[in-house]
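Participant: Below is one structure. I have some questions about it.
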Amino acid sequence: MQNLQQSCEEHGHYNEDVRRHLVNAIIVIAARNIAIVKPENISQTADTRILQLLDYIQENIRQPEFLKIGVMAEKFGLSSTYLGSYFRKQCHESIQKYISSYRIRLIEHRLRFSDKRVHEIAHEFGFADESHINKFFKRHHGLSLKKYREKTAG
């Protein structure tokens with residue numbers, strides 16, 4: 001960040017290129033840090049299958065059809081009934097709670113750091129429309145996406 005600030009203060013032939021590369025590096029680091037979010041209570045003895053399952057959820061968070069219990073169970077060679085208890089045992093929370101919490105964090109990020117409209121965010125995360133994403137968000141935050149954006153804009 002200091003290098004980016006310094007390059008903004010200086011004027012030269014290559015400063016625009018340096019700034020562009022620094023901004024891209026910051027974006028990649030932020031994306032990586034968001035992508036590696038794991039449940040807080042994940043078991044210290046978590047096996048590789050649960051880590052693969054978490055990666056799968058994070059990669060497909062914008063495609064709700066891939067996050068159905070039956071689809072994930074088949075993908076990972078588990079029964080639908082066992083998947084939920086397996087996830088809870090490894091992560092100490094339900095799979096649906098983890099998916100919802102992760103989706104909420106990403107939506108919050110979009111609201112704070114992008115100028116995307118609510119209907120664009122709804123479409124990005126696979127919601128049918130603004131009404132559905134607002135109901136989902138309000139259940140977790142107690143306020144609409146627009147109110148949340150206004151509250152965190154300061």
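Identifiers in this document derive from the order of the structure tokens: chains are assigned A, B, ..., residues are numbered from 1 separately in each chain, and ligands are numbered from 1 in order of occurrence.
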Just the helix (DSSP H, G or I) stuff from chain A, please, per backbone DSSP, written as a ChimeraX atom specification.

Facilitator: /A:2-9,15-35,48-59,64-67,69-75,80-91,95-113,118-124,130-141,145-152

Participant: Show me, as a ChimeraX atom specification, the residues that have an atom within 12 Å of Tyr56 of chain A when counting only C-alpha atoms, minus same-chain residues fewer than 6 positions from it.

Facilitator: /A:35-36,38,49-50,62-64,66-68,71-73,75-76,99

Participant: With a distance cut-off of 12 Å and only C-alpha atoms, select the neighbouring residues of Ile69 of chain A, excluding the residue or stretch itself and same-chain residues fewer than 3 positions from it, and output the selection as a list in words.

Facilitator: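 Listed by chain and then number, they are Leu53, Ile57, Pro64, Glu65, Phe66, Met72, Ala73, Glu74, Lys75, Phe76, Gly77, Leu78, Ser79, Ser80, Thr81, Tyr82, Leu83, Gly84, Ser85, Phe87, Ser94, Ile95, Gln96 and Ile99 of chain A.
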
Participant: Within 12 Å of Phe127 of chain A, counting only C-alpha atoms, which residues qualify if same-chain residues fewer than 3 places away don't, as a compact mmCIF listing (two decimals) with N, CA, C and O atoms, in the first residue's frame?

Facilitator:
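Writing the result to around.txt gives the following:
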# COMPACT_ATOMS: atom_id res chain seq x y z
N ILE A 61 -20.21 -20.82 -4.99
CA ILE A 61 -21.13 -20.04 -4.17
C ILE A 61 -22.10 -19.22 -5.02
O ILE A 61 -23.20 -18.91 -4.59
N ARG A 62 -21.74 -18.92 -6.24
CA ARG A 62 -22.61 -18.14 -7.13
C ARG A 62 -23.53 -19.02 -7.97
O ARG A 62 -24.25 -18.52 -8.82
N GLN A 63 -23.48 -20.32 -7.74
CA GLN A 63 -24.31 -21.26 -8.50
C GLN A 63 -25.06 -22.17 -7.52
O GLN A 63 -24.63 -23.28 -7.24
N PRO A 64 -26.20 -21.68 -7.00
CA PRO A 64 -26.93 -22.42 -5.97
C PRO A 64 -27.30 -23.86 -6.37
O PRO A 64 -27.38 -24.73 -5.51
N GLU A 65 -27.47 -24.10 -7.64
CA GLU A 65 -27.83 -25.46 -8.07
C GLU A 65 -26.72 -26.47 -7.77
O GLU A 65 -26.98 -27.66 -7.60
N ARG A 103 -21.95 -16.74 1.86
CA ARG A 103 -22.65 -15.93 0.86
C ARG A 103 -22.88 -14.51 1.40
O ARG A 103 -22.67 -13.53 0.69
N ILE A 107 -21.62 -10.96 -0.18
CA ILE A 107 -22.59 -9.91 -0.51
C ILE A 107 -22.22 -8.62 0.21
O ILE A 107 -22.25 -7.54 -0.37
N VAL A 118 -28.26 -3.57 -6.64
CA VAL A 118 -28.78 -4.72 -5.91
C VAL A 118 -29.21 -5.83 -6.87
O VAL A 118 -28.91 -7.01 -6.65
N HIS A 119 -29.86 -5.49 -7.97
CA HIS A 119 -30.29 -6.53 -8.90
C HIS A 119 -29.09 -7.23 -9.55
O HIS A 119 -29.15 -8.42 -9.87
N GLU A 120 -27.98 -6.52 -9.73
CA GLU A 120 -26.77 -7.14 -10.28
C GLU A 120 -26.16 -8.12 -9.27
O GLU A 120 -25.71 -9.21 -9.64
N ILE A 121 -26.15 -7.73 -8.01
CA ILE A 121 -25.63 -8.62 -6.95
C ILE A 121 -26.54 -9.84 -6.83
O ILE A 121 -26.05 -10.97 -6.69
N ALA A 122 -27.84 -9.61 -6.90
CA ALA A 122 -28.80 -10.73 -6.83
C ALA A 122 -28.52 -11.72 -7.95
O ALA A 122 -28.44 -12.94 -7.72
N HIS A 123 -28.34 -11.22 -9.16
CA HIS A 123 -28.06 -12.09 -10.31
C HIS A 123 -26.73 -12.82 -10.13
O HIS A 123 -26.63 -14.02 -10.40
N GLU A 124 -25.71 -12.12 -9.64
CA GLU A 124 -24.39 -12.72 -9.45
C GLU A 124 -24.43 -13.92 -8.52
O GLU A 124 -23.72 -14.90 -8.72
N GLU A 130 -34.39 -9.11 -6.76
CA GLU A 130 -34.03 -8.28 -5.60
C GLU A 130 -34.79 -8.68 -4.35
O GLU A 130 -34.25 -8.64 -3.25
N SER A 131 -36.03 -9.04 -4.53
CA SER A 131 -36.87 -9.40 -3.38
C SER A 131 -36.29 -10.59 -2.63
O SER A 131 -36.22 -10.58 -1.39
N HIS A 132 -35.84 -11.61 -3.36
CA HIS A 132 -35.30 -12.81 -2.73
C HIS A 132 -33.99 -12.53 -1.99
O HIS A 132 -33.77 -13.00 -0.88
N ILE A 133 -33.10 -11.77 -2.62
CA ILE A 133 -31.82 -11.48 -1.96
C ILE A 133 -32.05 -10.58 -0.74
O ILE A 133 -31.40 -10.73 0.28
N ASN A 134 -33.01 -9.65 -0.85
CA ASN A 134 -33.30 -8.78 0.29
C ASN A 134 -33.86 -9.58 1.47
O ASN A 134 -33.49 -9.33 2.62
N LYS A 135 -34.76 -10.54 1.20
CA LYS A 135 -35.30 -11.39 2.27
C LYS A 135 -34.17 -12.18 2.93
O LYS A 135 -34.10 -12.29 4.15
N PHE A 136 -33.31 -12.77 2.12
CA PHE A 136 -32.17 -13.54 2.62
C PHE A 136 -31.27 -12.66 3.48
O PHE A 136 -30.90 -13.03 4.60
N PHE A 137 -30.93 -11.50 2.98
CA PHE A 137 -30.01 -10.59 3.68
C PHE A 137 -30.65 -10.06 4.96
O PHE A 137 -30.01 -9.98 6.00

Participant: Of the candidates A:Asn60, A:His141, A:Phe125, A:Asp55, which shows the shortest atom-to-atom distance to Leu106 of chain A, using only C-alpha atoms?

Facilitator: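 Counting only C-alpha atoms, the residue closest to Leu106 of chain A is A:Phe125.
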
Participant: If I take atom CA of Lys151 of chain A and atom CA of Lys97 of chain A, how far is one from the other in Å, to one decimal?

Facilitator: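 For atom CA of Lys151 of chain A relative to atom CA of Lys97 of chain A, the distance reads 24.7 Å.
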
Participant: To one decimal place, how far is atom CA of Glu108 of chain A from atom CA of Glu93 of chain A in Å?

Facilitator: 20.9 Å

Participant: I'd like to know which of A:Ile29, A:Arg149, A:Gln2, A:His140 is closest to His109 of chain A, using only C-alpha atoms.

Facilitator: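 The closest residue to His109 of chain A is A:Arg149.
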
Participant: Measuring atom to atom with only C-alpha atoms, identify which of A:Leu54, A:Leu22, A:Ala153, A:Cys91 is nearest to Arg110 of chain A.

Facilitator: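 Ranking A:Leu54, A:Leu22, A:Ala153, A:Cys91 by distance to Arg110 of chain A, first place goes to A:Ala153.
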
Participant: Work out how far apart atom CA of Val23 of chain A and atom CA of Gly126 of chain A are and give it in Å to one decimal.

Facilitator: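 Separating atom CA of Val23 of chain A from atom CA of Gly126 of chain A is a distance of 28.5 Å.
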